[in-house]
file start_15.pdb (PDB, C-alpha atoms)
ATOM      1  CA  MET V  16     -45.710-178.421 -59.168
ATOM      2  CA  SER V  17     -42.781-177.166 -61.163
ATOM      3  CA  ALA V  18     -40.442-179.900 -62.214
ATOM      4  CA  ALA V  19     -38.233-177.721 -64.355
ATOM      5  CA  PRO V  20     -34.710-179.149 -64.334
ATOM      6  CA  TYR V  21     -31.638-177.017 -63.750
ATOM      7  CA  ASP V  22     -28.479-177.694 -65.750
ATOM      8  CA  GLY V  23     -26.270-175.290 -63.799
ATOM      9  CA  SER V  24     -26.060-172.621 -66.480
ATOM     10  CA  GLY V  25     -27.165-169.005 -66.280
ATOM     11  CA  ASN V  26     -27.615-166.746 -63.297
ATOM     12  CA  ALA V  27     -28.719-168.325 -60.045
ATOM     13  CA  VAL V  28     -30.473-166.392 -57.315
ATOM     14  CA  LEU V  29     -30.471-167.371 -53.672
ATOM     15  CA  VAL V  30     -33.218-166.257 -51.319
ATOM     16  CA  GLU V  31     -32.645-167.004 -47.656
ATOM     17  CA  ILE V  32     -35.884-166.832 -45.712
ATOM     18  CA  GLY V  33     -35.263-167.100 -42.015
ATOM     19  CA  THR V  34     -35.716-164.656 -39.189
ATOM     20  CA  GLY V  35     -34.805-162.102 -41.846
ATOM     21  CA  VAL V  36     -34.598-162.396 -45.618
ATOM     22  CA  GLY V  37     -31.473-162.096 -47.750
ATOM     23  CA  VAL V  38     -30.859-162.206 -51.503
ATOM     24  CA  ALA V  39     -27.772-162.784 -53.627
ATOM     25  CA  CYS V  40     -27.136-163.685 -57.257
ATOM     26  CA  SER V  41     -24.391-165.949 -58.541
ATOM     27  CA  LEU V  42     -23.186-165.382 -62.104
ATOM     28  CA  PRO V  43     -21.977-168.250 -64.307
ATOM     29  CA  ASN V  44     -18.347-167.195 -63.722
ATOM     30  CA  GLY V  45     -18.817-167.618 -59.989
ATOM     31  CA  GLN V  46     -19.008-163.947 -59.148
ATOM     32  CA  VAL V  47     -21.580-163.146 -56.508
ATOM     33  CA  ILE V  48     -23.737-160.044 -56.536
ATOM     34  CA  SER V  49     -25.370-159.195 -53.255
ATOM     35  CA  SER V  50     -28.729-157.505 -53.201
ATOM     36  CA  GLU V  51     -31.021-155.510 -50.993
ATOM     37  CA  ALA V  52     -34.025-156.527 -53.064
ATOM     38  CA  VAL V  53     -35.868-157.392 -49.864
ATOM     39  CA  ARG V  54     -36.349-153.653 -49.392
ATOM     40  CA  ILE V  55     -38.310-153.272 -52.625
ATOM     41  CA  HIS V  56     -41.947-152.725 -51.866
ATOM     42  CA  ALA V  57     -44.381-155.412 -52.885
ATOM     43  CA  SER V  58     -47.737-154.591 -54.420
ATOM     44  CA  ASN V  59     -49.258-154.421 -50.930
ATOM     45  CA  GLY V  60     -46.956-151.495 -50.137
ATOM     46  CA  VAL V  61     -44.792-153.463 -47.720
ATOM     47  CA  PRO V  62     -41.150-154.403 -48.355
ATOM     48  CA  TYR V  63     -40.891-157.962 -49.644
ATOM     49  CA  GLY V  64     -38.674-158.884 -46.717
ATOM     50  CA  LEU V  65     -41.290-157.921 -44.160
ATOM     51  CA  ASN V  66     -43.985-159.889 -45.987
ATOM     52  CA  LEU V  67     -41.906-163.050 -45.875
ATOM     53  CA  CYS V  68     -39.548-163.054 -42.903
ATOM     54  CA  GLY V  69     -40.020-165.322 -39.928
ATOM     55  CA  SER V  70     -39.715-162.555 -37.394
ATOM     56  CA  GLN V  71     -42.472-160.279 -38.721
ATOM     57  CA  GLY V  72     -43.985-161.803 -41.829
ATOM     58  CA  PHE V  73     -46.220-164.323 -40.110
ATOM     59  CA  ARG V  74     -47.425-161.845 -37.509
ATOM     60  CA  ARG V  75     -48.393-159.472 -40.287
ATOM     61  CA  LEU V  76     -50.048-162.296 -42.187
ATOM     62  CA  VAL V  77     -52.136-163.351 -39.196
ATOM     63  CA  ALA V  78     -53.109-159.764 -38.434
ATOM     64  CA  LYS V  79     -54.167-159.226 -42.046
ATOM     65  CA  LEU V  80     -56.302-162.365 -42.213
ATOM     66  CA  GLN V  81     -57.786-161.691 -38.787
ATOM     67  CA  ALA V  82     -58.754-158.210 -39.926
ATOM     68  CA  GLN V  83     -60.505-159.798 -42.903
ATOM     69  CA  GLY V  84     -62.706-161.704 -40.477
ATOM     70  CA  LEU V  85     -61.048-165.097 -40.493
ATOM     71  CA  THR V  86     -61.175-167.133 -37.322
ATOM     72  CA  LEU V  87     -57.793-168.300 -36.145
ATOM     73  CA  PRO V  88     -57.069-171.839 -35.067
ATOM     74  CA  GLU V  89     -56.580-171.937 -31.294
ATOM     75  CA  SER V  90     -52.937-172.820 -31.640
ATOM     76  CA  VAL V  91     -52.305-169.882 -33.962
ATOM     77  CA  GLU V  92     -54.215-167.498 -31.708
ATOM     78  CA  ARG V  93     -52.130-168.616 -28.731
ATOM     79  CA  GLU V  94     -48.842-168.209 -30.553
ATOM     80  CA  PHE V  95     -49.957-164.915 -32.021
ATOM     81  CA  LEU V  96     -50.323-163.568 -28.493
ATOM     82  CA  LEU V  97     -47.195-165.202 -27.119
ATOM     83  CA  ASP V  98     -45.060-164.264 -30.130
ATOM     84  CA  GLU V  99     -42.718-167.174 -29.621
ATOM     85  CA  SER V 100     -42.971-169.649 -32.457
ATOM     86  CA  LEU V 101     -45.713-168.392 -34.730
ATOM     87  CA  GLY V 102     -43.654-168.917 -37.886
ATOM     88  CA  PRO V 103     -42.795-172.576 -37.268
ATOM     89  CA  LEU V 104     -46.405-173.271 -36.279
ATOM     90  CA  ILE V 105     -47.920-171.764 -39.428
ATOM     91  CA  THR V 106     -45.335-173.288 -41.753
ATOM     92  CA  ALA V 107     -46.044-176.675 -40.162
ATOM     93  CA  LEU V 108     -49.820-176.261 -40.526
ATOM     94  CA  ILE V 109     -49.427-175.329 -44.187
ATOM     95  CA  ALA V 110     -46.988-178.188 -44.778
ATOM     96  CA  GLN V 111     -49.462-180.615 -43.198
ATOM     97  CA  GLU V 112     -52.292-179.155 -45.283
ATOM     98  CA  ASN V 113     -54.338-178.641 -42.139
ATOM     99  CA  SER V 114     -58.022-178.422 -42.997
ATOM    100  CA  HIS V 115     -58.762-175.239 -41.010
ATOM    101  CA  SER V 116     -59.861-172.511 -43.406
ATOM    102  CA  PHE V 117     -57.308-170.099 -41.961
ATOM    103  CA  VAL V 118     -54.488-172.383 -43.058
ATOM    104  CA  GLY V 119     -55.702-172.389 -46.650
ATOM    105  CA  TYR V 120     -55.953-168.616 -46.750
ATOM    106  CA  ALA V 121     -52.597-168.184 -45.007
ATOM    107  CA  GLY V 122     -50.929-170.523 -47.486
ATOM    108  CA  ASP V 123     -52.457-168.698 -50.425
ATOM    109  CA  GLN V 124     -51.416-165.306 -49.096
ATOM    110  CA  TYR V 125     -47.849-166.395 -48.365
ATOM    111  CA  ALA V 126     -47.721-167.969 -51.842
ATOM    112  CA  ARG V 127     -48.760-164.631 -53.348
ATOM    113  CA  TYR V 128     -46.076-162.788 -51.410
ATOM    114  CA  LEU V 129     -43.357-165.280 -52.274
ATOM    115  CA  GLY V 130     -44.463-165.691 -55.885
ATOM    116  CA  GLU V 131     -44.423-161.963 -56.533
ATOM    117  CA  PHE V 132     -41.004-161.622 -54.919
ATOM    118  CA  LEU V 133     -39.444-164.529 -56.804
ATOM    119  CA  GLY V 134     -40.961-163.364 -60.065
ATOM    120  CA  THR V 135     -39.488-159.922 -59.489
ATOM    121  CA  LEU V 136     -36.084-161.431 -58.751
ATOM    122  CA  GLN V 137     -36.254-163.643 -61.835
ATOM    123  CA  LEU V 138     -36.870-160.578 -63.940
ATOM    124  CA  ALA V 139     -34.289-158.392 -62.203
ATOM    125  CA  PHE V 140     -31.458-160.934 -62.375
ATOM    126  CA  ASN V 141     -32.608-162.926 -65.413
ATOM    127  CA  ALA V 142     -32.443-165.908 -63.099
ATOM    128  CA  ALA V 143     -32.161-169.402 -64.558
ATOM    129  CA  ALA V 144     -32.585-170.951 -61.120
ATOM    130  CA  LEU V 145     -33.937-169.884 -57.759
ATOM    131  CA  PHE V 146     -32.448-171.392 -54.604
ATOM    132  CA  ILE V 147     -34.471-171.075 -51.421
ATOM    133  CA  GLY V 148     -32.817-171.519 -48.032
ATOM    134  CA  GLY V 149     -33.201-170.340 -44.460
ATOM    135  CA  SER V 150     -35.228-171.797 -41.631
ATOM    136  CA  VAL V 151     -38.580-170.852 -43.186
ATOM    137  CA  GLY V 152     -37.527-172.004 -46.645
ATOM    138  CA  ARG V 153     -36.281-175.309 -45.237
ATOM    139  CA  ALA V 154     -39.338-176.040 -43.103
ATOM    140  CA  PRO V 155     -40.225-179.618 -44.117
ATOM    141  CA  GLY V 156     -42.920-179.691 -46.759
ATOM    142  CA  PHE V 157     -43.678-175.986 -46.567
ATOM    143  CA  LEU V 158     -42.087-174.775 -49.778
ATOM    144  CA  GLU V 159     -43.551-177.626 -51.803
ATOM    145  CA  ARG V 160     -47.050-176.685 -50.672
ATOM    146  CA  ILE V 161     -46.487-173.022 -51.423
ATOM    147  CA  VAL V 162     -44.979-173.490 -54.873
ATOM    148  CA  ALA V 163     -47.652-176.007 -55.806
ATOM    149  CA  ARG V 164     -50.354-173.359 -55.526
ATOM    150  CA  GLN V 165     -51.722-171.732 -58.635
ATOM    151  CA  VAL V 166     -51.736-168.361 -56.888
ATOM    152  CA  PHE V 167     -47.953-168.656 -56.461
ATOM    153  CA  TRP V 168     -47.413-168.842 -60.213
ATOM    154  CA  GLN V 169     -50.012-166.176 -60.905
ATOM    155  CA  ALA V 170     -48.141-163.849 -58.547
ATOM    156  CA  PHE V 171     -44.826-164.959 -60.061
ATOM    157  CA  ALA V 172     -46.031-163.718 -63.441
ATOM    158  CA  LYS V 173     -47.364-160.443 -62.033
ATOM    159  CA  LYS V 174     -44.279-158.384 -62.973
ATOM    160  CA  ASP V 175     -43.846-160.124 -66.322
ATOM    161  CA  ALA V 176     -41.156-162.571 -65.253
ATOM    162  CA  LEU V 177     -39.330-164.135 -68.183
ATOM    163  CA  ARG V 178     -39.967-167.680 -66.997
ATOM    164  CA  ASN V 179     -42.909-169.604 -65.608
ATOM    165  CA  LYS V 180     -43.887-172.876 -63.990
ATOM    166  CA  THR V 181     -42.679-174.935 -66.928
ATOM    167  CA  ASP V 182     -39.129-173.605 -67.083
ATOM    168  CA  MET V 183     -38.338-172.043 -63.707
ATOM    169  CA  PRO V 184     -36.297-174.383 -61.521
ATOM    170  CA  ILE V 185     -36.828-173.702 -57.829
ATOM    171  CA  LEU V 186     -34.468-175.578 -55.568
ATOM    172  CA  ARG V 187     -34.497-175.889 -51.821
ATOM    173  CA  VAL V 188     -31.309-175.740 -49.792
ATOM    174  CA  ASP V 189     -31.754-178.281 -47.024
ATOM    175  CA  ASN V 190     -28.308-178.116 -45.467
ATOM    176  CA  ASP V 191     -28.217-175.826 -42.459
ATOM    177  CA  ASP V 192     -24.426-175.611 -42.806
ATOM    178  CA  ALA V 193     -24.554-174.229 -46.348
ATOM    179  CA  THR V 194     -24.113-170.572 -45.402
ATOM    180  CA  VAL V 195     -21.134-171.069 -43.122
ATOM    181  CA  MET V 196     -19.569-173.458 -45.633
ATOM    182  CA  GLY V 197     -20.098-170.813 -48.294
ATOM    183  CA  ALA V 198     -18.351-168.250 -46.110
ATOM    184  CA  TYR V 199     -15.472-170.668 -45.590
ATOM    185  CA  ALA V 200     -15.305-171.428 -49.333
ATOM    186  CA  ALA V 201     -15.251-167.726 -50.181
ATOM    187  CA  GLY V 202     -12.366-167.196 -47.773
ATOM    188  CA  TRP V 203     -10.536-170.155 -49.253
ATOM    189  CA  GLN V 204     -11.017-168.875 -52.800
ATOM    190  CA  ALA V 205      -9.753-165.446 -51.771
ATOM    191  CA  ALA V 206      -6.680-167.002 -50.162
ATOM    192  CA  ASN V 207      -5.873-169.108 -53.196
TER     193      ASN V 207
ATOM    194  CA  MET W  21      -3.893-174.328 -44.698
ATOM    195  CA  ASN W  22      -6.577-174.075 -42.022
ATOM    196  CA  GLY W  23      -9.498-171.752 -42.514
ATOM    197  CA  LEU W  24     -12.318-170.273 -40.517
ATOM    198  CA  GLY W  25     -15.838-169.715 -41.852
ATOM    199  CA  ILE W  26     -18.193-167.348 -40.057
ATOM    200  CA  ASP W  27     -21.869-166.970 -40.913
ATOM    201  CA  ILE W  28     -23.579-164.044 -39.197
ATOM    202  CA  GLY W  29     -27.320-164.604 -39.182
ATOM    203  CA  ASN W  30     -30.153-162.797 -37.514
ATOM    204  CA  THR W  31     -30.739-165.578 -35.016
ATOM    205  CA  LYS W  32     -27.419-167.338 -34.747
ATOM    206  CA  VAL W  33     -23.777-167.061 -35.677
ATOM    207  CA  GLN W  34     -22.045-170.186 -36.953
ATOM    208  CA  PHE W  35     -18.308-170.779 -36.902
ATOM    209  CA  GLN W  36     -16.549-173.644 -38.683
ATOM    210  CA  LEU W  37     -12.892-174.475 -38.698
ATOM    211  CA  ARG W  38     -11.599-176.683 -41.512
ATOM    212  CA  ASP W  39      -8.204-178.118 -42.435
ATOM    213  CA  LYS W  40      -6.356-178.049 -45.744
ATOM    214  CA  GLU W  41      -8.498-180.931 -47.012
ATOM    215  CA  HIS W  42     -11.594-178.926 -46.033
ATOM    216  CA  THR W  43     -12.369-181.484 -43.345
ATOM    217  CA  LEU W  44     -14.353-180.078 -40.458
ATOM    218  CA  LEU W  45     -12.138-179.645 -37.399
ATOM    219  CA  ALA W  46     -14.522-177.838 -35.087
ATOM    220  CA  ARG W  47     -17.781-175.979 -35.126
ATOM    221  CA  LEU W  48     -19.563-173.554 -32.868
ATOM    222  CA  THR W  49     -22.996-171.930 -32.929
ATOM    223  CA  ILE W  50     -23.840-168.942 -30.734
ATOM    224  CA  PRO W  51     -27.007-166.821 -30.583
ATOM    225  CA  THR W  52     -26.491-163.481 -32.317
ATOM    226  CA  PHE W  53     -27.836-161.547 -29.340
ATOM    227  CA  TYR W  54     -24.770-162.684 -27.406
ATOM    228  CA  PHE W  55     -22.689-160.171 -29.369
ATOM    229  CA  ASP W  56     -22.695-156.398 -29.235
ATOM    230  CA  SER W  57     -21.159-155.679 -32.637
ATOM    231  CA  HIS W  58     -20.021-157.245 -35.869
ATOM    232  CA  ILE W  59     -16.408-156.847 -34.910
ATOM    233  CA  ALA W  60     -17.119-158.627 -31.643
ATOM    234  CA  VAL W  61     -18.434-161.587 -33.635
ATOM    235  CA  ILE W  62     -15.341-161.707 -35.823
ATOM    236  CA  GLU W  63     -12.903-161.301 -32.955
ATOM    237  CA  TYR W  64     -14.678-163.981 -30.975
ATOM    238  CA  GLY W  65     -14.474-166.388 -33.880
ATOM    239  CA  PHE W  66     -10.859-165.609 -34.530
ATOM    240  CA  THR W  67      -9.933-166.096 -30.875
ATOM    241  CA  TRP W  68     -11.874-169.361 -30.790
ATOM    242  CA  ALA W  69     -10.081-170.580 -33.917
ATOM    243  CA  MET W  70      -6.699-169.648 -32.478
ATOM    244  CA  GLY W  71      -7.514-171.593 -29.335
ATOM    245  CA  ARG W  72      -8.376-174.682 -31.342
ATOM    246  CA  LEU W  73      -5.471-174.467 -33.762
ATOM    247  CA  ARG W  74      -2.888-173.057 -31.348
ATOM    248  CA  ARG W  75      -2.070-170.623 -34.111
ATOM    249  CA  ASP W  76      -3.859-168.188 -36.398
ATOM    250  CA  PRO W  77      -6.151-169.535 -39.102
ATOM    251  CA  ASP W  78      -4.708-168.989 -42.568
ATOM    252  CA  PHE W  79      -7.855-167.344 -43.861
ATOM    253  CA  VAL W  80     -11.236-166.202 -42.695
ATOM    254  CA  GLY W  81     -14.396-166.079 -44.772
ATOM    255  CA  ILE W  82     -17.369-164.149 -43.484
ATOM    256  CA  GLY W  83     -20.900-164.511 -44.739
ATOM    257  CA  PHE W  84     -23.752-162.163 -43.975
ATOM    258  CA  GLY W  85     -26.834-160.812 -45.649
ATOM    259  CA  CYS W  86     -25.963-157.449 -47.096
ATOM    260  CA  PRO W  87     -24.027-155.858 -49.927
ATOM    261  CA  VAL W  88     -20.467-154.635 -49.641
ATOM    262  CA  ASP W  89     -19.501-151.389 -51.368
ATOM    263  CA  THR W  90     -16.550-152.483 -53.475
ATOM    264  CA  LYS W  91     -15.048-148.994 -53.539
ATOM    265  CA  THR W  92     -15.209-148.201 -49.858
ATOM    266  CA  GLY W  93     -15.379-151.685 -48.392
ATOM    267  CA  PHE W  94     -18.330-150.491 -46.363
ATOM    268  CA  ALA W  95     -21.005-152.924 -45.323
ATOM    269  CA  LYS W  96     -24.072-152.432 -43.234
ATOM    270  CA  LEU W  97     -25.240-155.744 -41.909
ATOM    271  CA  THR W  98     -28.904-155.212 -42.491
ATOM    272  CA  LEU W  99     -29.924-158.810 -42.034
ATOM    273  CA  ALA W 100     -28.651-159.095 -38.467
ATOM    274  CA  THR W 101     -31.013-156.503 -37.066
ATOM    275  CA  HIS W 102     -29.681-156.947 -33.558
ATOM    276  CA  LEU W 103     -26.355-155.568 -34.747
ATOM    277  CA  MET W 104     -27.550-152.252 -36.084
ATOM    278  CA  GLY W 105     -24.151-150.824 -36.930
ATOM    279  CA  SER W 106     -21.947-151.233 -39.911
ATOM    280  CA  VAL W 107     -18.536-152.647 -40.637
ATOM    281  CA  THR W 108     -15.833-151.999 -43.205
ATOM    282  CA  THR W 109     -13.519-154.466 -44.838
ATOM    283  CA  ASP W 110     -10.579-152.645 -43.276
ATOM    284  CA  GLN W 111     -12.070-153.077 -39.831
ATOM    285  CA  VAL W 112     -12.608-156.744 -40.490
ATOM    286  CA  ARG W 113      -9.089-157.134 -41.780
ATOM    287  CA  ALA W 114      -7.609-155.266 -38.832
ATOM    288  CA  SER W 115      -9.474-157.364 -36.325
ATOM    289  CA  SER W 116      -8.711-160.760 -37.743
ATOM    290  CA  THR W 117      -5.529-160.837 -39.782
ATOM    291  CA  PRO W 118      -2.829-162.916 -38.123
ATOM    292  CA  LYS W 119      -0.794-159.879 -37.161
ATOM    293  CA  ARG W 120       0.503-161.512 -34.029
ATOM    294  CA  ARG W 121       2.634-163.771 -36.194
ATOM    295  CA  GLY W 122       3.620-161.015 -38.538
ATOM    296  CA  GLY W 123       1.818-162.565 -41.456
ATOM    297  CA  VAL W 124      -0.836-161.081 -43.648
ATOM    298  CA  GLY W 125      -3.933-163.164 -44.006
ATOM    299  CA  PRO W 126      -6.710-162.455 -46.444
ATOM    300  CA  CYS W 127     -10.054-161.732 -44.951
ATOM    301  CA  PHE W 128     -12.992-160.576 -46.956
ATOM    302  CA  ALA W 129     -16.444-159.442 -46.079
ATOM    303  CA  LEU W 130     -18.811-161.196 -48.408
ATOM    304  CA  SER W 131     -22.497-161.454 -48.807
ATOM    305  CA  VAL W 132     -24.238-164.720 -48.360
ATOM    306  CA  PHE W 133     -24.066-167.131 -51.178
ATOM    307  CA  TYR W 134     -22.846-170.664 -51.259
ATOM    308  CA  ALA W 135     -20.016-171.954 -53.354
ATOM    309  CA  ARG W 136     -21.927-172.490 -56.558
ATOM    310  CA  PRO W 137     -20.797-176.046 -57.398
ATOM    311  CA  TYR W 138     -21.736-177.079 -53.887
ATOM    312  CA  ALA W 139     -25.185-175.555 -54.206
ATOM    313  CA  ILE W 140     -25.922-177.162 -57.548
ATOM    314  CA  GLU W 141     -24.744-180.536 -56.364
ATOM    315  CA  ARG W 142     -26.548-180.585 -53.048
ATOM    316  CA  CYS W 143     -29.839-178.842 -53.600
ATOM    317  CA  ALA W 144     -32.281-181.517 -54.590
ATOM    318  CA  LEU W 145     -35.084-180.637 -56.957
ATOM    319  CA  ARG W 146     -38.203-181.066 -54.910
ATOM    320  CA  TRP W 147     -40.905-180.370 -57.453
TER     321      TRP W 147
END
call {"tool": "encode", "arguments": {"input": "start_15.pdb", "output": "C-alpha cells"}}
result
Amino acid sequence: MSAAPYDGSGNAVLVEIGTGVGVACSLPNGQVISSEAVRIHASNGVPYGLNLCGSQGFRRLVAKLQAQGLTLPESVEREFLLDESLGPLITALIAQENSHSFVGYAGDQYARYLGEFLGTLQLAFNAAALFIGGSVGRAPGFLERIVARQVFWQAFAKKDALRNKTDMPILRVDNDDATVMGAYAAGWQAAN
Amino acid sequence: MNGLGIDIGNTKVQFQLRDKEHTLLARLTIPTFYFDSHIAVIEYGFTWAMGRLRRDPDFVGIGFGCPVDTKTGFAKLTLATHLMGSVTTDQVRASSTPKRRGGVGPCFALSVFYARPYAIERCALRW
C-alpha cells in the first residue's frame, strides 16, 4: 500500500464518491477549482463518474462481470435484482476480502476504474495529494483494499501520471460533516 | 456572526448553523428528493436558520458538486441528479440575503471542497 506522506504543499484534489461523483482541486493559496472531470470518458468508453458512482457504477460492474460468465454470490444477485443497496454490499464484501471469486474480480475492476481516474486527475491538476470522500470512499476498509491492489497502480500509471505508489499520498476523508463544514467555511471566508 | 452551511448532495442535503466561534448550534439532514429545486433547498435552509436564530444568518455558504461560471454566476448542479435544473449566483443571493432586515449578506455558490487546513488536519493517512 502507498504510505506516501503529505506535507500540505502543492495542489490537492478531492474526489467525492457517493451516489454521484464530484471533483474539485484546491490550490496552495486556498483557491478552489471545481471540475467536471467525472464526465471524461474512461478507456472503457464510459464516463469516469458512471464507472465509479454508487448509484450506477456497481450495477454496471455486476452486469459486466456477469456478462463475462462470472457467477454472482447469492447476496449480490439478490441486491442486483432489488436495486436497493448493491453498492454498500459490494464495498463491504471487498473490504472483508470475501473469498468468492466474484469479489476478487469486482475489486480488481473497481481498482482499475478508480486508478485510471485518479491517475488522470493527478496528471490534469498536477496533484500532490488526492483526498477521497463520499459514502463509497468512506466505506470502512474498502479504499484500503482497492488502493492496495497492483492493478490500481497499473491503471493509475496508464495516462502517464507524474506520480506513483511511492510518492502519491491518497487520503480518506472519514468525516461525514466535512462537506457541509466546507460550505460553511467558504461562506465565512466570503463574509470576512 | 452566525452562519449557515448547506451541502446539497445527490442523496441528502445537510444544513448546519454555527455561531461566531464556529460552534455547532443546530443541524438538519433532509433527503434531496424532498425538494423540487435548488432554490427550494436554499430557501428551506434559510427559513430553518431564521427560525432557530430568530433573525437572519449573517452568511450562507453552499456546497455542491459542479462548477460555477465566474462570469455569469451560472451553475448547473450536475451532481444532484434529482434537481435537473440550474441556478445562478444572483438567484441564490436573491433568495437568501437578509433583505427582510435591510442588510446585505454575502452568499456564494461554491463547488464542493473542504476548508483546506481542516482537510489536511483531519484526513488520516490510511496506507
call {"tool": "interface_residues", "arguments": {"input": "start_15.pdb", "of": "chain V", "to": "chain W", "cutoff": "8 Å", "atoms": "all atoms listed in the file", "output": "PyMOL selection string"}}
result
chain V and resi 16-20+23+29+34-41+45+47-51+146+159+184-189+193-203+205-206
call {"tool": "atom_distance", "arguments": {"input": "start_15.pdb", "atom1": "atom CA of V:Ser58", "atom2": "atom CA of V:Ala170"}}
result
10.1 Å
call {"tool": "residues_around", "arguments": {"input": "start_15.pdb", "residues": "V:Arg54", "least_positions_apart": "4", "cutoff": "7 Å", "atoms": "all atoms listed in the file", "output": "list of chain:residue names"}}
result
V:Pro62, V:Tyr63, V:Gly64
call {"tool": "residues_around", "arguments": {"input": "start_15.pdb", "residues": "stretch 89-103 of chain V", "least_positions_apart": "5", "cutoff": "9 Å", "atoms": "only C-alpha atoms", "output": "PyMOL selection string"}}
result
chain V and resi 68-74+77-78+108+150-151+154
call {"tool": "closest_residue", "arguments": {"input": "start_15.pdb", "among": "V:Asn207, V:Ala110, V:Leu138, V:Ala52", "to": "V:Leu158", "atoms": "all atoms listed in the file"}}
result
V:Ala110
call {"tool": "resolve_selection", "arguments": {"input": "start_15.pdb", "expression": "the PyMOL selection byres ((chain V and resi 140) around 9)", "output": "JSON list (two decimals) with C-alpha atoms, keeping the file's coordinate frame"}}
result
[["chain", "number", "residue", "atom", "x", "y", "z"],
["V", 26, "ASN", "CA", -27.62, -166.75, -63.30],
["V", 27, "ALA", "CA", -28.72, -168.32, -60.04],
["V", 28, "VAL", "CA", -30.47, -166.39, -57.32],
["V", 40, "CYS", "CA", -27.14, -163.68, -57.26],
["V", 135, "THR", "CA", -39.49, -159.92, -59.49],
["V", 136, "LEU", "CA", -36.08, -161.43, -58.75],
["V", 137, "GLN", "CA", -36.25, -163.64, -61.84],
["V", 138, "LEU", "CA", -36.87, -160.58, -63.94],
["V", 139, "ALA", "CA", -34.29, -158.39, -62.20],
["V", 141, "ASN", "CA", -32.61, -162.93, -65.41],
["V", 142, "ALA", "CA", -32.44, -165.91, -63.10],
["V", 143, "ALA", "CA", -32.16, -169.40, -64.56]]
call {"tool": "atom_distance", "arguments": {"input": "start_15.pdb", "atom1": "atom CA of V:Phe171", "atom2": "atom CA of V:Leu133"}}
result
6.3 Å
call {"tool": "closest_residue", "arguments": {"input": "start_15.pdb", "among": "V:Asp182, V:Asp22, V:Asp192, V:Glu131", "to": "V:Val166", "atoms": "all atoms listed in the file"}}
result
V:Glu131
call {"tool": "atom_distance", "arguments": {"input": "start_15.pdb", "atom1": "atom CA of V:Lys79", "atom2": "atom CA of V:Gly156"}}
result
23.8 Å
